[in-house]
Every structure is written in structure tokens, then in C-alpha cells.
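To keep things clear, I will list the structure first and then write my remarks on it.
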Amino acid sequence: MTGGGREGEGGEEEVRGARRIPGPRGAADDLDLASVPLPPLPPPGGTAPDEAVPEQSQPASASGDAPETPESDAGEPEPDPGPGPAAEAWPEPGPWPEPEPWPEAEPADGTPEPHAPDPLVSSAPVVLPHQVLKALLGAWALSACSAEETAAVEDHLTGCAPCADEALRLRDAVGLLHTDGSLDLDPTLRTRVLDGCFGRRPARIPVPEWAAPYDAETARLDALLRDIGDSEWHAPVRLQWFEEERQVSRRTTVAGVIGHLMAVDGLLSAALGLDDPLDDGKTPLDPTERTETYWSATRRPPTRAVREPWRAQSHELIRTASFAGRNVAETSVSYGAFALPLQDAALDRAFECWIHGGDIADAVDYPYPAPSAAHLHRMIDLAARMLPAALAGRRSAGLAGPAKDLVAAGAPGRSLHLEIEGHGGGDWYIALDSPAAVGAPERAVAQVALDGVEFCRLVAGHISPVEAAAGQEGDREAIRDVLFAAASLSRL
């Protein structure tokens, strides 16, 4: 080997072209970082100097010759570059300066170009294909589109009917997501769904019109019972009603209320020839006595197990009434002290089912709206038709004023104008002196105005007659007698 470790000129040229490796650096504590110059910044619009970029090795040419490189003595050891150019090429890490903006190019003639508009702001509308606009409808309904996309979608909706219909449906759905109202189903939803179904395919044997309120109220109460937990079946419920001149109450549970409804519904079952749940040969007909008999016969407190027999009984009542035809509507149902046709008895049971459903809802803190307007109107009409007889009964017991103008049966007599406002409202004229007389507008001596729901609460004994009337005019004694007679219709 000759030449101080170099082997021929080819090897010398190969060594000369190799990349230099900087020498070892000292510890950070041994360096004076302030004395280390930073690499020069490139001039604006230019490129970095060649010295700042380390030289890269080049591949050999096709002829096999090594690329030309500056001559250097490869045999001598490389000195420590120190703070020289090598140190400039490998600076210590530190904060990089903010890059300067690139200068704008000028045309060759030296005249400056006008400033281009901001690309984010465009005066021209965005043109998007139909499929893209259709995919943006959901984001548009949620107000999640950009201003340009919103303008494009709304411009498209003015000329595309299918997309406009879809946009309306999506916007309505978004409204449901942000509603502040109750999340419970509309109480009329079941009726509307059934009406739609029957409109397309009428039932071969429909539910009688007079049984529809009972069908609807038992279904609503059953929906409430399905939503409550096992422990809530034992929640305390206070039942209220009027006796003579005072309000009385009875404490029970949610399960006890359902047992009470089932016991009284047994009167309708017996009238239709069905099994009475309390039929042991000694069961009384009075609703209060039937309920007391059921509660006393139950060895253990009733639980949610009472729901199934009550619901099965209501289904059987509706099914039997539907198959029986029109003549069954006039079948007499005895309540002990009085009797009602089956169609009125079913309406009475619908009324009590709604009232006690509200009692249960209050006990378990559950929303429970009033019945539909058509059904509520029928319930009010039944109470108004029962008022003359109730007024005569209180007069016989000395709890109402004497009759002042007796007339022949069927003739117009002194009347009170009962005006029911709001939900299920209407006008009724109540005969004051005899149940056989007919109420007539021309014989009205007093007028009472009440809200429909408040009147029903009065009939159920949940509010007192003194605080019931919203407006009164005319004979004060007649007004008092009618309001107390309405409260006397309530019972357990």
C-alpha cells in the first residue's frame, strides 16, 4: 500500500467525494450558545445559499467514473470544524423565525397586477350537481351548511319539487328534536291511527260509536300502567268525592284503584251475560259496596298482577258489545239505587276511567291530558242529563230549595243555562223544578259558565262547588242548587 493509505487515484477521488461528517460536539454546558452564529436567512424571493445545504453524494456515471469533486488530502485527519461553516450547517435547535410572505410576481412590463379577490368570498353562486345538493338536505335542515351551500340548496329547492318535499320533512323532524313540550304521545294519536286504518279497510265488525270513549280511555290508562315500575304500583292514591254537603276521601294504592275499576266494570259484564269478577251470589250492586267487598276480600295488597284481569275484562266488554249489535245499547245496567242504559253506563265508566287515571298519574308524577274533545263532550252531556234527577233527589232530602214552578211532563220549565267553554264545550239547559220538565232557553233564570275540564272535576268531586263557577248570573239559589247537584253525582 502506498500514498499514505490511499489506493490509486480512483480511490482518492471516491474519498474526496464522500460526505463529511462533523466532529463530536461538546456538552451543552461547555458551549457558549451566544457565540454560535445562526445560519443566514435566504433573501426575499431567493433561495438559500449553497453553503447552507450539505453536499450530497452523486451516483456514478454510466461510464463508471466518479463525479468530479474538489481536491483534498483524504489521508489527513479532518480537523474539528468548530464554529466554522460546518457548525453553521448544523445549528443547535432553537425557535425558527416566522417565514416572510412570498412577494407577488409582477408582469414583465413592470405594471403591477390588480389584487385578486379573496378566494373564500365569491359573489357568484356555487354551482353544485343535483346529487350533491340532495345529500346536503340533512345538513341544511340542521343549519350546518356554509353560507354558499345554504344559498345553493335554497336556490335548488325553488325548482326541484322532490327535494323541496324532502326538505320539509327533514325540517319537521328537526323541530321534534328541539321541542320543549312533552315527549308523551298525543292522546288523539290512537284514534287518528285507527281512523286511518279503518278508512283504508273498514272493520267487518266495528266498535259501536257509544263504546268508543270507553275503548279509548281504557287504552290510555293501560298505556300509563305499562310505563310505571313495580314499586309505583304501591304509590299512595287519594280518591275524593262528595257526600251531601262535604267532601270525603279514601286512601288506597295504584293497584287498589285498578281493582276498584274492575269491580265496578263487573256491573256491565253482568248486564252482557259475562262473568262478574265478584259474582259469589252475595255481591251488592252499589259501586261503593262492591269496591269495599273487593278490597276486603283481597288477603294481600294488590300488585301489578291486577292489570291483566282488568284489561282482559275491558277487552271482553268491548268485543261482546261489538258483536251484540245495536239493540244491546239500551240494555239496563243496575247500579243499585239507579239504573242506566248500557250506552250511558259505558260512557260513565269511560269518565271514571279518565278521572282515576288522572289520580294515578298525579301519584306517580306522570302527564295525563284530558280526553279528546268529542269524547269529553259526550261525558259532559251525560252529566247534564243526570242533573235534573240529582237535583230532585237533593230536594227530597231537604238539601235544595223547593220547586217554584211545576209544569206538565215534557213542557218547558224554569231552567239554568249551563255554558261549557273550551275543550268539549257547548250549551245545556237544566230543568230546575222537575226531572220531567224540559230545559228551554226562553225559561232560563240563571247562567253558569265553566271550563269543560273544570266541570268534569266538579262532577267527579275533585273541586268544591264554591270554587267551581267561573261566571254566574241570575238566580243565586238556582245556581247553588245546580252546582251542588253536580258535585253529588260523584262517588267512590
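Chain labels follow the order of the C-alpha cells: the first chain is A, the next B, and so on; residue numbering restarts at 1 in every chain, and ligands are counted from 1 in their shown order.
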
- Using backbone DSSP assignments, extract all strand (DSSP E) residues from range 391-461 of chain A; output them as a PyMOL selection string. chain A and resi 412-421+426-431+438-451

Contacts of Ala337 in chain A at 12 Å or less, counting only C-alpha atoms, minus same-chain residues fewer than 6 places along, as a compact mmCIF listing (two decimals) with all heavy atoms, in the first residue's frame?
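The result, written out as result_21.txt:
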# COMPACT_ATOMS: atom_id res chain seq x y z
N PRO A 284 -123.04 -7.01 46.29
CA PRO A 284 -124.03 -5.93 46.14
C PRO A 284 -123.88 -5.25 44.80
O PRO A 284 -122.88 -5.41 44.08
CB PRO A 284 -123.67 -4.98 47.29
CG PRO A 284 -122.22 -5.24 47.56
CD PRO A 284 -121.98 -6.69 47.26
N LEU A 285 -124.86 -4.45 44.44
CA LEU A 285 -124.84 -3.71 43.19
C LEU A 285 -124.29 -2.30 43.34
O LEU A 285 -123.84 -1.71 42.36
CB LEU A 285 -126.26 -3.63 42.60
CG LEU A 285 -126.89 -4.97 42.19
CD1 LEU A 285 -128.32 -4.74 41.70
CD2 LEU A 285 -126.06 -5.64 41.12
N ASP A 286 -124.35 -1.73 44.52
CA ASP A 286 -123.84 -0.38 44.73
C ASP A 286 -122.34 -0.34 44.46
O ASP A 286 -121.58 -1.18 44.98
CB ASP A 286 -124.12 0.06 46.17
CG ASP A 286 -123.64 1.48 46.41
OD1 ASP A 286 -124.29 2.42 45.95
OD2 ASP A 286 -122.57 1.63 47.04
N PRO A 287 -121.84 0.60 43.64
CA PRO A 287 -120.40 0.64 43.30
C PRO A 287 -119.49 0.75 44.52
O PRO A 287 -118.44 0.10 44.57
CB PRO A 287 -120.30 1.87 42.40
CG PRO A 287 -121.65 2.03 41.80
CD PRO A 287 -122.60 1.60 42.87
N THR A 288 -119.88 1.57 45.50
CA THR A 288 -119.02 1.72 46.68
C THR A 288 -118.96 0.41 47.47
O THR A 288 -117.87 -0.02 47.90
CB THR A 288 -119.55 2.85 47.57
OG1 THR A 288 -119.57 4.08 46.82
CG2 THR A 288 -118.68 3.03 48.80
N GLU A 289 -120.10 -0.25 47.65
CA GLU A 289 -120.10 -1.51 48.39
C GLU A 289 -119.35 -2.60 47.63
O GLU A 289 -118.66 -3.43 48.25
CB GLU A 289 -121.54 -1.94 48.66
CG GLU A 289 -122.30 -0.99 49.59
CD GLU A 289 -123.73 -1.44 49.82
OE1 GLU A 289 -124.10 -2.52 49.32
OE2 GLU A 289 -124.47 -0.71 50.51
N ALA A 390 -130.68 14.37 39.88
CA ALA A 390 -129.89 14.59 41.09
C ALA A 390 -130.41 15.77 41.89
O ALA A 390 -130.45 15.74 43.13
CB ALA A 390 -128.42 14.82 40.69
N GLY A 393 -133.49 14.66 43.76
CA GLY A 393 -133.13 13.84 44.92
C GLY A 393 -132.63 14.67 46.08
O GLY A 393 -132.96 14.38 47.25

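For Ala374 in chain A, the residues within 9 Å (counting only C-alpha atoms, excluding itself and residues fewer than 6 positions away along the chain) are A:Pro213, A:His423, A:Gly424.
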
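Comparing A:Ala161, A:Asp348, A:Ile205, A:Ser249 by their smallest distance to Ala324 in chain A, the closest is A:Ile205 (using only C-alpha atoms).
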
- Quick one: everything within 10 Å of Ser334 in chain A, counting only C-alpha atoms, minus sequence neighbours fewer than 2 positions away in the same chain. Send it as an MDAnalysis selection string. chainID A and resid 267:268 270:271 285:286 331:332 336:342 345

- Message: With only C-alpha atoms as the counted atoms, please give the residues lying no more than 9 Å from Val257 in chain A, apart from itself and same-chain residues fewer than 4 positions off, as a list in words.
- Response: Val237, Leu239, Thr252, Thr253, Leu261, Met262, His356, Gly357, Asp359 and Ile360 of chain A

- Within 6 Å of Val459 in chain A, counting only C-alpha atoms, which residues show up once you throw out same-chain ones fewer than 4 positions away? Write them as a PyMOL selection string, please. chain A and resi 486-487+489-490

Those same residues - N, CA, C and O atoms - I'd like them written as a PDB file, in the first residue's frame.
ATOM      1  N   ALA A 486    -124.375  18.848  40.876  1.00  0.00           N
ATOM      2  CA  ALA A 486    -123.307  18.310  40.034  1.00  0.00           C
ATOM      3  C   ALA A 486    -122.242  17.594  40.890  1.00  0.00           C
ATOM      4  O   ALA A 486    -121.784  16.511  40.536  1.00  0.00           O
ATOM      5  N   ALA A 487    -121.892  18.175  42.021  1.00  0.00           N
ATOM      6  CA  ALA A 487    -120.910  17.524  42.890  1.00  0.00           C
ATOM      7  C   ALA A 487    -121.446  16.230  43.498  1.00  0.00           C
ATOM      8  O   ALA A 487    -120.697  15.285  43.752  1.00  0.00           O
ATOM      9  N   LEU A 489    -123.109  14.008  42.040  1.00  0.00           N
ATOM     10  CA  LEU A 489    -123.004  12.894  41.096  1.00  0.00           C
ATOM     11  C   LEU A 489    -121.757  12.065  41.335  1.00  0.00           C
ATOM     12  O   LEU A 489    -121.644  10.936  40.825  1.00  0.00           O
ATOM     13  N   SER A 490    -120.801  12.599  42.088  1.00  0.00           N
ATOM     14  CA  SER A 490    -119.556  11.867  42.328  1.00  0.00           C
ATOM     15  C   SER A 490    -119.781  10.750  43.337  1.00  0.00           C
ATOM     16  O   SER A 490    -120.722  10.767  44.136  1.00  0.00           O
TER      17      SER A 490
END

- Item | Using only C-alpha atoms: which of A:Val174, A:Cys353, A:Ala151, A:Ala203 has the shortest distance to Ala216 in chain A | A:Cys353

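Closest to Ser464 in chain A among A:Leu382, A:Asp451, A:Ala363, A:Trp241 is A:Trp241, based on only C-alpha atoms.
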
- Note on the structure: note - CA of Ala135 in chain A and CA of Val153 in chain A are separated by 10.0 Å

- Item | For range 409-412 of chain A: contacts at 7 Å, only C-alpha atoms, fewer than 6 positions along chain excluded, given as a list of chain:residue names | A:Ala436, A:Ala437, A:Val438, A:Gly439, A:Ala440

- Item | Minimum-distance residue to Ala235 in chain A, chosen among A:Asp276, A:Glu148, A:Glu442, A:Asp362 (using only C-alpha atoms) |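 Between A:Asp276, A:Glu148, A:Glu442, A:Asp362, the residue approaching Ala235 in chain A most closely is A:Asp362.
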
- What is the CA of Val207 in chain A-CA of Phe323 in chain A distance in Å, reported with one decimal?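 Pair CA of Val207 in chain A / CA of Phe323 in chain A returns 8.6 Å.
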
- Task: Could you tell me how far CA of Ala403 in chain A lies from CA of Leu458 in chain A, in Å and to one decimal?
- Result: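 Separation between CA of Ala403 in chain A and CA of Leu458 in chain A: 23.8 Å.
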
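Residue nearest Asp186 in chain A, chosen from A:Val453, A:Ala370, A:Ala446, A:Ala152 and counting only C-alpha atoms: A:Ala370.
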
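Among the candidate residues A:Ala469, A:Ala255, A:Leu177, A:Leu391, the one lying nearest to Ile420 in chain A is A:Ala469, with distances computed using only C-alpha atoms.
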